[in-house]
$ cat final03.cif   # mmCIF, C-alpha atoms
data_work
#
loop_
_atom_site.label_atom_id
_atom_site.label_comp_id
_atom_site.auth_asym_id
_atom_site.auth_seq_id
_atom_site.Cartn_x
_atom_site.Cartn_y
_atom_site.Cartn_z
CA MET C 88 66.36 230.55 310.32
CA PRO C 89 70.11 230.02 310.53
CA GLY C 90 70.63 231.23 306.93
CA VAL C 91 69.12 234.63 307.72
CA GLU C 92 71.15 234.88 310.92
CA ASP C 93 74.29 233.99 308.97
CA ALA C 94 73.56 236.74 306.45
CA VAL C 95 73.18 239.25 309.30
CA LEU C 96 76.44 238.06 310.86
CA VAL C 97 78.21 238.37 307.50
CA ARG C 98 76.93 241.93 307.12
CA ARG C 99 78.19 242.78 310.61
CA ALA C 100 81.55 241.15 309.89
CA LEU C 101 81.87 243.15 306.67
CA ALA C 102 81.21 246.28 308.69
CA GLY C 103 84.26 245.43 310.79
CA ASP C 104 82.71 243.41 313.61
CA ALA C 105 85.22 240.56 314.02
CA ALA C 106 83.18 239.07 316.87
CA ALA C 107 80.31 238.47 314.42
CA TYR C 108 82.68 236.45 312.25
CA GLY C 109 83.73 234.58 315.38
CA VAL C 110 80.11 233.54 315.89
CA LEU C 111 80.00 232.25 312.30
CA VAL C 112 83.22 230.29 312.82
CA ASP C 113 81.89 228.82 316.07
CA GLU C 114 78.68 227.80 314.36
CA HIS C 115 80.27 226.07 311.37
CA ARG C 116 83.70 224.93 312.56
CA GLY C 117 82.46 221.45 313.45
CA ARG C 118 81.20 220.66 309.95
CA VAL C 119 84.29 222.12 308.26
CA PHE C 120 86.77 220.40 310.57
CA SER C 121 84.90 217.07 310.37
CA LEU C 122 84.91 217.13 306.57
CA ALA C 123 88.64 217.88 306.54
CA LEU C 124 89.35 215.20 309.14
CA ARG C 125 87.39 212.56 307.27
CA MET C 126 89.12 213.47 304.02
CA LEU C 127 92.69 213.96 305.23
CA GLY C 128 92.80 211.53 308.13
CA ASP C 129 94.80 213.46 310.72
CA ARG C 130 93.93 216.26 313.10
CA ALA C 131 96.86 218.53 312.26
CA SER C 132 96.11 218.63 308.52
CA ALA C 133 92.38 218.93 309.22
CA GLU C 134 92.92 221.91 311.52
CA ASP C 135 95.15 223.58 308.93
CA VAL C 136 92.56 223.13 306.19
CA ALA C 137 89.65 224.16 308.41
CA SER C 138 91.31 227.37 309.55
CA GLU C 139 92.49 228.14 306.01
CA ALA C 140 88.90 227.65 304.78
CA PHE C 141 87.61 230.21 307.28
CA LEU C 142 90.43 232.60 306.40
CA ARG C 143 89.69 232.29 302.68
CA ALA C 144 86.03 232.90 303.46
CA TRP C 145 87.03 235.98 305.49
CA ASP C 146 89.12 237.29 302.58
CA ALA C 147 86.24 236.77 300.15
CA LEU C 148 83.40 237.79 302.47
CA ALA C 149 82.46 240.74 300.25
CA ARG C 150 81.74 238.28 297.44
CA TYR C 151 79.48 236.07 299.57
CA ASP C 152 75.95 235.88 298.19
CA PRO C 153 73.54 236.11 301.16
CA ALA C 154 70.93 234.23 299.13
CA ARG C 155 73.09 231.13 299.55
CA SER C 156 73.81 229.21 302.72
CA PHE C 157 77.01 230.28 304.46
CA ALA C 158 77.53 226.67 305.57
CA THR C 159 77.44 225.43 301.96
CA TRP C 160 79.79 228.24 300.92
CA VAL C 161 82.43 227.56 303.55
CA VAL C 162 82.13 223.77 303.12
CA THR C 163 82.68 224.28 299.39
CA ILE C 164 85.88 226.19 300.14
CA ALA C 165 86.99 223.47 302.56
CA SER C 166 86.20 220.73 300.02
CA ARG C 167 88.39 222.36 297.42
CA LEU C 168 91.20 222.85 299.91
CA CYS C 169 90.93 219.17 300.89
CA LEU C 170 91.12 218.09 297.25
CA ASP C 171 94.12 220.40 296.75
CA ALA C 172 95.81 218.93 299.84
CA LEU C 173 95.18 215.37 298.67
CA ARG C 174 96.52 216.20 295.20
CA ARG C 175 99.61 217.76 296.75
CA ARG C 176 100.13 214.65 298.86
CA ARG C 177 99.99 212.47 295.77
CA TRP C 178 102.50 214.70 293.96
CA LEU C 179 104.83 214.64 296.93
CA GLY C 180 104.43 210.88 297.37
CA ASP C 181 103.07 211.32 300.88
CA PRO C 182 101.33 208.04 301.83
CA PRO C 183 97.64 208.28 302.77
CA ARG C 184 96.90 208.39 306.47
CA GLU C 185 95.52 205.12 307.78
CA ASP C 186 94.41 206.41 311.15
CA ARG C 187 91.51 208.25 309.58
CA GLU C 188 89.55 210.10 312.28
CA ARG C 189 90.11 207.27 314.77
CA ALA C 190 91.83 209.67 317.13
CA ALA C 191 89.32 212.38 316.40
CA PRO C 192 86.56 212.12 318.99
CA GLY C 193 87.46 214.02 322.06
CA PRO C 194 86.30 213.05 325.50
CA GLY C 195 82.59 213.19 326.21
CA PRO C 196 79.44 211.10 326.06
CA GLU C 197 78.87 211.76 322.35
CA ALA C 198 82.34 210.54 321.49
CA ALA C 199 81.82 207.45 323.60
CA ALA C 200 78.55 206.70 321.82
CA VAL C 201 80.23 207.12 318.44
CA ALA C 202 83.16 204.92 319.36
CA SER C 203 80.93 201.90 319.74
CA GLY C 204 78.16 200.20 317.84
CA PHE C 205 76.65 200.94 314.49
CA ALA C 206 77.88 204.53 314.27
CA ALA C 207 81.47 203.35 314.62
CA ARG C 208 80.93 200.81 311.84
CA VAL C 209 79.55 203.50 309.56
CA ARG C 210 82.40 205.82 310.45
CA ASP C 211 84.99 203.15 309.64
CA ALA C 212 83.21 202.14 306.42
CA VAL C 213 83.14 205.78 305.27
CA GLY C 214 86.86 206.01 306.00
CA LEU C 215 87.51 203.10 303.64
CA LEU C 216 85.76 204.68 300.66
CA PRO C 217 87.91 206.11 297.84
CA GLU C 218 88.57 209.84 298.32
CA ARG C 219 86.21 211.24 295.69
CA GLU C 220 83.35 208.91 296.62
CA ARG C 221 83.88 209.74 300.29
CA MET C 222 83.70 213.44 299.60
CA ALA C 223 80.61 213.07 297.38
CA VAL C 224 78.65 211.05 299.95
CA MET C 225 79.62 213.35 302.80
CA LEU C 226 78.69 216.53 300.93
CA ARG C 227 75.44 215.01 299.70
CA HIS C 228 74.23 213.24 302.82
CA LEU C 229 76.03 214.70 305.82
CA GLU C 230 75.98 218.29 304.56
CA ASP C 231 72.67 217.85 302.73
CA MET C 232 73.98 219.62 299.63
CA SER C 233 72.25 219.25 296.27
CA TYR C 234 74.06 217.40 293.50
CA ALA C 235 74.60 220.74 291.75
CA GLU C 236 76.31 222.06 294.89
CA VAL C 237 78.38 218.86 295.28
CA ALA C 238 79.43 219.13 291.65
CA ALA C 239 80.41 222.78 292.07
CA ALA C 240 82.35 222.04 295.24
CA MET C 241 84.28 219.19 293.61
CA ARG C 242 84.55 220.94 290.23
CA ILE C 243 83.02 217.99 288.41
CA PRO C 244 79.91 217.52 286.23
CA ILE C 245 76.63 216.88 288.08
CA GLY C 246 76.36 213.40 286.53
CA THR C 247 79.80 212.49 287.89
CA ALA C 248 78.84 213.79 291.34
CA LYS C 249 75.75 211.60 291.29
CA THR C 250 77.69 208.56 290.12
CA LEU C 251 80.33 209.04 292.83
CA ALA C 252 77.69 209.39 295.54
CA PHE C 253 75.76 206.33 294.31
CA GLN C 254 78.93 204.23 294.11
CA GLY C 255 80.02 205.37 297.56
CA ARG C 256 76.66 204.52 299.08
CA ARG C 257 76.60 201.11 297.43
CA LYS C 258 80.06 200.33 298.83
CA LEU C 259 78.99 201.60 302.21
CA ALA C 260 75.84 199.45 302.12
CA GLU C 261 77.98 196.50 301.10
CA SER C 262 80.39 197.04 304.01
CA LEU C 263 77.51 197.28 306.44
CA ARG C 264 75.97 194.08 305.01
CA HIS C 265 79.22 192.19 305.63
CA LEU C 266 79.22 193.46 309.17
CA ASP C 267 75.62 192.36 309.66
CA GLU C 268 76.43 188.90 308.30
CA GLU C 269 79.44 188.63 310.62
CA SER C 270 77.38 189.63 313.63
CA GLU C 271 74.44 187.30 312.87
CA PRO C 272 74.13 184.39 315.34
CA ARG C 273 75.09 181.02 313.87
CA MET S 205 72.08 187.99 296.86
CA THR S 206 72.98 190.39 294.07
CA PRO S 207 70.43 193.03 293.04
CA CYS S 208 69.32 193.22 289.42
CA GLU S 209 71.73 195.41 287.46
CA GLU S 210 69.00 197.12 285.42
CA TRP S 211 67.22 198.38 288.56
CA LEU S 212 70.27 199.55 290.49
CA SER S 213 70.22 203.21 289.47
CA VAL S 214 66.46 203.47 290.10
CA LEU S 215 66.87 201.92 293.56
CA ASP S 216 69.81 204.23 294.34
CA ALA S 217 67.75 207.27 293.30
CA ALA S 218 64.86 206.05 295.47
CA ALA S 219 67.17 205.71 298.46
CA ASP S 220 68.25 209.28 297.71
CA GLY S 221 64.69 210.54 298.12
CA GLU S 222 63.39 210.35 294.56
CA PRO S 223 59.96 208.72 294.10
CA LEU S 224 60.09 205.03 293.24
CA PRO S 225 58.48 204.40 289.84
CA ALA S 226 55.50 202.02 289.88
CA ALA S 227 57.33 199.45 287.73
CA ALA S 228 60.26 199.43 290.15
CA GLY S 229 57.82 199.02 293.06
CA ARG S 230 56.29 195.99 291.40
CA HIS S 231 59.75 194.58 290.72
CA ILE S 232 61.00 194.86 294.29
CA ASP S 233 57.79 193.29 295.58
CA GLY S 234 58.87 190.11 293.87
CA CYS S 235 62.67 190.42 294.12
CA ASP S 236 64.28 189.77 297.50
CA ALA S 237 67.73 190.90 296.34
CA CYS S 238 66.54 194.29 295.09
CA ARG S 239 64.36 194.81 298.15
CA ALA S 240 67.29 194.03 300.42
CA HIS S 241 69.56 196.35 298.39
CA LEU S 242 67.10 199.24 298.66
CA LYS S 243 66.84 198.69 302.41
CA ARG S 244 70.63 198.55 302.84
CA VAL S 245 71.29 201.67 300.78
CA THR S 246 68.51 203.53 302.60
CA VAL S 247 69.99 202.53 305.96
CA ALA S 248 73.45 203.62 304.77
CA THR S 249 72.06 206.96 303.60
CA LEU S 250 70.35 207.61 306.93
CA ALA S 251 73.47 206.54 308.82
CA LEU S 252 75.59 208.99 306.79
CA ALA S 253 73.27 211.83 307.70
CA ARG S 254 73.72 211.00 311.38
CA LEU S 255 77.51 210.96 311.45
CA PRO S 256 78.69 213.27 314.21
CA TYR S 257 80.66 216.45 313.82
CA TYR S 258 83.98 216.70 315.62
CA ASP S 259 85.19 219.83 317.29
CA PRO S 260 88.62 221.21 316.39
CA GLY S 261 89.12 222.14 320.02
CA THR S 262 89.33 225.24 322.13
CA GLY S 263 91.29 228.07 320.66
CA PHE S 264 90.34 227.30 317.05
CA THR S 265 88.04 230.30 316.60
CA ALA S 266 90.42 232.62 318.43
CA GLY S 267 93.25 231.40 316.18
CA VAL S 268 91.21 232.05 313.03
CA LEU S 269 90.25 235.55 314.20
CA ALA S 270 93.84 236.37 315.16
CA SER S 271 95.08 235.24 311.74
CA ALA S 272 92.27 237.11 309.99
CA ALA S 273 93.14 240.31 311.84
CA GLY S 274 96.75 240.18 310.69
CA ARG S 275 95.99 239.12 307.18
CA ARG S 276 95.71 241.35 304.18
CA ALA S 277 93.38 240.40 301.37
CA ARG S 278 95.09 237.76 299.25
CA PRO S 279 95.86 239.06 295.75
CA SER S 280 94.68 237.21 292.69
CA TRP S 281 97.18 234.93 290.95
CA ALA S 282 97.41 237.38 288.05
CA ALA S 283 98.35 240.15 290.48
CA THR S 284 100.91 237.85 292.12
CA VAL S 285 102.48 237.02 288.74
CA ALA S 286 102.54 240.71 287.85
CA VAL S 287 104.21 241.59 291.15
CA LEU S 288 106.78 238.80 290.76
CA LEU S 289 107.52 239.82 287.16
CA ALA S 290 107.81 243.47 288.14
CA GLY S 291 110.05 242.51 291.05
CA GLY S 292 112.24 240.38 288.78
CA ALA S 293 112.45 243.11 286.17
CA GLY S 294 113.24 245.71 288.82
CA SER S 295 115.99 243.57 290.35
CA SER S 296 117.52 242.88 286.94
CA ALA S 297 117.40 246.56 286.01
CA THR S 298 119.04 247.53 289.30
CA PHE S 299 121.77 244.93 288.77
CA VAL S 300 122.46 246.08 285.20
CA ALA S 301 122.43 249.75 286.30
CA ALA S 302 124.93 248.98 289.08
CA ILE S 303 127.26 247.19 286.65
CA ALA S 304 126.89 250.05 284.17
CA ALA S 305 127.66 252.65 286.85
CA VAL S 306 130.81 250.82 287.94
CA ALA S 307 131.92 250.40 284.32
CA TRP S 308 131.15 254.05 283.64
CA LEU S 309 133.37 255.15 286.48
CA TRP S 310 136.09 252.61 285.71
CA PHE S 311 136.35 252.77 281.91
CA GLY S 312 134.81 256.16 281.12
CA PRO S 313 131.63 257.04 279.25
CA GLN S 314 132.83 256.60 275.66
CA ARG S 315 134.05 253.05 276.03
CA VAL S 316 131.00 251.98 278.04
CA THR S 317 128.59 253.43 275.47
CA ALA S 318 130.46 251.74 272.64
CA THR S 319 130.55 248.39 274.45
CA ALA S 320 126.86 248.58 275.41
CA GLY S 321 125.89 249.42 271.83
CA TYR S 322 128.01 246.56 270.52
CA ALA S 323 126.52 244.10 273.09
CA ALA S 324 122.95 245.18 272.33
CA GLY S 325 123.58 244.83 268.61
CA GLU S 326 125.11 241.37 269.09
CA LEU S 327 122.21 240.21 271.26
CA ALA S 328 119.59 241.48 268.83
CA GLY S 329 121.49 239.91 265.95
CA THR S 330 121.70 236.56 267.70
CA LEU S 331 117.98 236.57 268.54
CA LEU S 332 117.03 237.55 265.00
CA SER S 333 119.25 234.94 263.37
CA GLY S 334 117.94 232.28 265.77
CA ALA S 335 114.35 233.16 264.96
CA GLN S 336 115.15 233.20 261.25
CA SER S 337 116.79 229.77 261.34
CA VAL S 338 113.78 228.35 263.22
CA LEU S 339 111.41 229.83 260.64
CA ASN S 340 113.53 228.47 257.79
CA SER S 341 113.74 224.97 259.21
CA GLY S 342 110.09 224.12 258.56
CA PRO S 343 106.83 223.61 260.46
CA THR S 344 108.08 220.74 262.64
CA MET S 345 110.83 222.84 264.19
CA ILE S 346 108.45 225.80 264.57
CA ALA S 347 105.94 223.55 266.36
CA CYS S 348 108.69 222.11 268.60
CA VAL S 349 109.93 225.56 269.60
CA ALA S 350 106.37 226.81 270.17
CA CYS S 351 105.64 223.75 272.35
CA ALA S 352 108.87 224.26 274.32
CA LEU S 353 108.06 227.94 274.88
CA ALA S 354 104.47 227.11 275.92
CA ALA S 355 105.71 224.38 278.28
CA ALA S 356 108.26 226.75 279.80
CA CYS S 357 105.57 229.42 280.32
CA ALA S 358 103.14 226.87 281.81
CA ALA S 359 105.83 225.48 284.14
CA ALA S 360 106.78 229.00 285.26
CA LEU S 361 103.13 229.90 285.87
CA PHE S 362 102.49 226.65 287.73
CA GLY S 363 105.57 227.17 289.88
CA VAL S 364 104.56 230.73 290.72
CA ARG S 365 101.03 229.62 291.60
CA MET S 366 102.27 226.79 293.83
CA LEU S 367 104.81 229.01 295.55
CA ALA S 368 102.35 231.80 296.07
CA GLY S 369 99.61 229.42 297.23
CA VAL S 370 97.03 231.13 295.10
CA ARG S 371 94.85 228.18 294.15
CA ARG S 372 91.28 229.31 293.70
CA ALA S 373 89.25 227.59 296.37
CA THR S 374 86.75 230.35 297.00
CA PRO S 375 83.59 230.01 294.94
CA VAL S 376 82.53 233.21 293.22
#
$ encode --input "final03.cif" --output "structure tokens"
Amino acid sequence: MPGVEDAVLVRRALAGDAAAYGVLVDEHRGRVFSLALRMLGDRASAEDVASEAFLRAWDALARYDPARSFATWVVTIASRLCLDALRRRRWLGDPPREDRERAAPGPGPEAAAVASGFAARVRDAVGLLPERERMAVMLRHLEDMSYAEVAAAMRIPIGTAKTLAFQGRRKLAESLRHLDEESEPR
Amino acid sequence: MTPCEEWLSVLDAAADGEPLPAAAGRHIDGCDACRAHLKRVTVATLALARLPYYDPGTGFTAGVLASAAGRRARPSWAATVAVLLAGGAGSSATFVAAIAAVAWLWFGPQRVTATAGYAAGELAGTLLSGAQSVLNSGPTMIACVACALAAACAAALFGVRMLAGVRRATPV
């Protein structure tokens, strides 16, 4: 069970074993970085937010409840940092990035598979969702968080989290339908 | 084909893993639009769950550990405000003490004491008369001054929090 292993690693990290925390970072960095990349749209900002999320988690490790999933905990921190970063961008008048995660996949067979076909369509359609809907659908379906956890991560009521996820999925389904219609033989 | 508005939320919940009520099942049996919607949203949901994770690249973990090693625990925003206020008060006190020391040496103790007493009395008098005139000018002025003071405090707090980067992102 990864949750139990995470709790053991957290205990070791709290006892001063930095390598144990390194294992935790290695295990969860993909999900945290991907969330940040899909929300912020560029690698540099995503890396900043992802590393800050792990540093905040490190600072607050003593407050981590081992009964909860470490992945959910660190993704919650990253979600809030992403929302803070997006809010700051709006205040500063920084235009939203349009190259959302297009430059993200590194070399490798997985990246090549993602860059083509249905997965690429889904990826692009997710990138076109409004920010809050995008975050709600990713936390709910990619991270498999409950609506209560999504609501806590986004600091919104559970009903709002549900509505955002439903709206996001409908828009996503709509985008995919248009693509299907375009690709149908005439 | 547009799905029926009254069934949308039930279909969305079903695509999310909730059981489909019998009435909704009967409806979609006879409604192509709703059946197609349920299928599309279910496909979208499954596709979302299969989105890949991207790797931040080599050196990410090492960078986090290096930063963590050199990082002290971040203080709470209240502690940061307290430190900034204490620092400000300390700097002001040092500045005033330096001025007083120079004046003491330059003008002598009697004149400095008299001037300081006079200045303190003037300042207190000005503050008291200002407060009195606000109180005498009615509830509107009192409300305006209270709002201005609250706004100034909120702006100062907000500025300190932004500068110190002490937004609370860590769930308790």
$ resolve_selection --input "final03.cif" --expression "the PyMOL selection byres ((chain S and resi 243-253) around 6)" --output "PyMOL selection string"
(chain C and resi 228-229+260) or (chain S and resi 219+240-242+254-255)
$ atom_distance --input "final03.cif" --atom1 "CA of Ser166 in chain C" --atom2 "CA of Glu139 in chain C"
11.4 Å
$ closest_atom_pairs --input "final03.cif" --of "chain C" --to "chain S" --cutoff "8 Å" --atoms "only C-alpha atoms" --output "tab-separated table"
residue	atom	partner	partner_atom	distance
C:Ala105	CA	S:Leu269	CA	7.1
C:Tyr108	CA	S:Leu269	CA	7.9
C:Gly109	CA	S:Thr265	CA	6.2
C:Val112	CA	S:Thr265	CA	6.1
C:Asp113	CA	S:Thr265	CA	6.3
C:Arg116	CA	S:Asp259	CA	7.1
C:Gly117	CA	S:Asp259	CA	5.0
C:Arg118	CA	S:Tyr257	CA	5.7
C:Phe120	CA	S:Pro260	CA	6.2
C:Ser121	CA	S:Tyr258	CA	5.3
C:Arg130	CA	S:Pro260	CA	8.0
C:Glu134	CA	S:Pro260	CA	6.5
C:Ser138	CA	S:Val268	CA	5.8
C:Phe141	CA	S:Val268	CA	7.0
C:Leu142	CA	S:Ala272	CA	6.1
C:Arg143	CA	S:Thr374	CA	6.7
C:Ala144	CA	S:Thr374	CA	7.0
C:Trp145	CA	S:Ala272	CA	7.0
C:Asp146	CA	S:Ala277	CA	5.4
C:Ala147	CA	S:Thr374	CA	7.2
C:Arg150	CA	S:Val376	CA	6.6
C:Tyr151	CA	S:Val376	CA	7.6
C:Trp160	CA	S:Pro375	CA	7.3
C:Thr163	CA	S:Pro375	CA	7.3
C:Ile164	CA	S:Ala373	CA	5.2
C:Ala165	CA	S:Ala373	CA	7.8
C:Arg167	CA	S:Ala373	CA	5.4
C:Leu168	CA	S:Ala373	CA	6.2
C:Ala191	CA	S:Tyr258	CA	6.9
C:Pro192	CA	S:Tyr258	CA	6.2
C:Gly193	CA	S:Tyr258	CA	7.8
C:Val201	CA	S:Pro256	CA	7.6
C:Ala206	CA	S:Leu255	CA	7.0
C:Val209	CA	S:Ala251	CA	6.8
C:Arg210	CA	S:Leu255	CA	7.2
C:Val224	CA	S:Leu252	CA	7.8
C:Met225	CA	S:Leu252	CA	7.2
C:His228	CA	S:Ala253	CA	5.2
C:Leu229	CA	S:Ala253	CA	4.4
C:Glu230	CA	S:Ala253	CA	7.7
C:Asp231	CA	S:Ala253	CA	7.8
C:Phe253	CA	S:Asp216	CA	6.3
C:Arg256	CA	S:Val245	CA	6.3
C:Arg257	CA	S:Val245	CA	6.3
C:Leu259	CA	S:Ala248	CA	6.4
C:Ala260	CA	S:Val245	CA	5.2
C:Glu261	CA	S:Arg244	CA	7.8
C:Leu263	CA	S:Ala248	CA	7.7
C:Arg264	CA	S:Arg244	CA	7.3
$ atom_distance --input "final03.cif" --atom1 "CA of Arg125 in chain C" --atom2 "CA of Arg219 in chain C"
11.7 Å
$ atom_distance --input "final03.cif" --atom1 "CA of Val316 in chain S" --atom2 "CA of Leu332 in chain S"
23.9 Å
$ build_atoms --input "final03.cif" --residues "range 309-321 of chain S" --atoms "N, CA and C atoms" --output "PDB file, keeping the file's coordinate frame"
ATOM      1  N   LEU S 309     132.330 254.507 285.672  1.00  0.00           N
ATOM      2  CA  LEU S 309     133.370 255.150 286.480  1.00  0.00           C
ATOM      3  C   LEU S 309     134.745 254.583 286.149  1.00  0.00           C
ATOM      4  N   TRP S 310     134.802 253.289 285.889  1.00  0.00           N
ATOM      5  CA  TRP S 310     136.090 252.610 285.710  1.00  0.00           C
ATOM      6  C   TRP S 310     136.677 252.875 284.330  1.00  0.00           C
ATOM      7  N   PHE S 311     135.812 252.692 283.275  1.00  0.00           N
ATOM      8  CA  PHE S 311     136.350 252.770 281.910  1.00  0.00           C
ATOM      9  C   PHE S 311     136.075 254.111 281.227  1.00  0.00           C
ATOM     10  N   GLY S 312     135.154 254.901 281.768  1.00  0.00           N
ATOM     11  CA  GLY S 312     134.810 256.160 281.120  1.00  0.00           C
ATOM     12  C   GLY S 312     133.596 255.984 280.215  1.00  0.00           C
ATOM     13  N   PRO S 313     132.898 257.122 279.960  1.00  0.00           N
ATOM     14  CA  PRO S 313     131.630 257.040 279.250  1.00  0.00           C
ATOM     15  C   PRO S 313     131.731 256.550 277.810  1.00  0.00           C
ATOM     16  N   GLN S 314     132.766 256.947 277.100  1.00  0.00           N
ATOM     17  CA  GLN S 314     132.830 256.600 275.660  1.00  0.00           C
ATOM     18  C   GLN S 314     132.949 255.097 275.448  1.00  0.00           C
ATOM     19  N   ARG S 315     133.824 254.484 276.223  1.00  0.00           N
ATOM     20  CA  ARG S 315     134.050 253.050 276.030  1.00  0.00           C
ATOM     21  C   ARG S 315     132.822 252.228 276.461  1.00  0.00           C
ATOM     22  N   VAL S 316     132.189 252.695 277.558  1.00  0.00           N
ATOM     23  CA  VAL S 316     131.000 251.980 278.040  1.00  0.00           C
ATOM     24  C   VAL S 316     129.885 252.066 277.013  1.00  0.00           C
ATOM     25  N   THR S 317     129.654 253.256 276.467  1.00  0.00           N
ATOM     26  CA  THR S 317     128.590 253.430 275.470  1.00  0.00           C
ATOM     27  C   THR S 317     128.855 252.556 274.257  1.00  0.00           C
ATOM     28  N   ALA S 318     130.113 252.549 273.813  1.00  0.00           N
ATOM     29  CA  ALA S 318     130.460 251.740 272.640  1.00  0.00           C
ATOM     30  C   ALA S 318     130.246 250.258 272.918  1.00  0.00           C
ATOM     31  N   THR S 319     130.689 249.816 274.105  1.00  0.00           N
ATOM     32  CA  THR S 319     130.550 248.390 274.450  1.00  0.00           C
ATOM     33  C   THR S 319     129.090 248.002 274.576  1.00  0.00           C
ATOM     34  N   ALA S 320     128.286 248.879 275.226  1.00  0.00           N
ATOM     35  CA  ALA S 320     126.860 248.580 275.410  1.00  0.00           C
ATOM     36  C   ALA S 320     126.162 248.493 274.057  1.00  0.00           C
ATOM     37  N   GLY S 321     126.494 249.434 273.171  1.00  0.00           N
ATOM     38  CA  GLY S 321     125.890 249.420 271.830  1.00  0.00           C
ATOM     39  C   GLY S 321     126.263 248.151 271.093  1.00  0.00           C
TER      40      GLY S 321
END
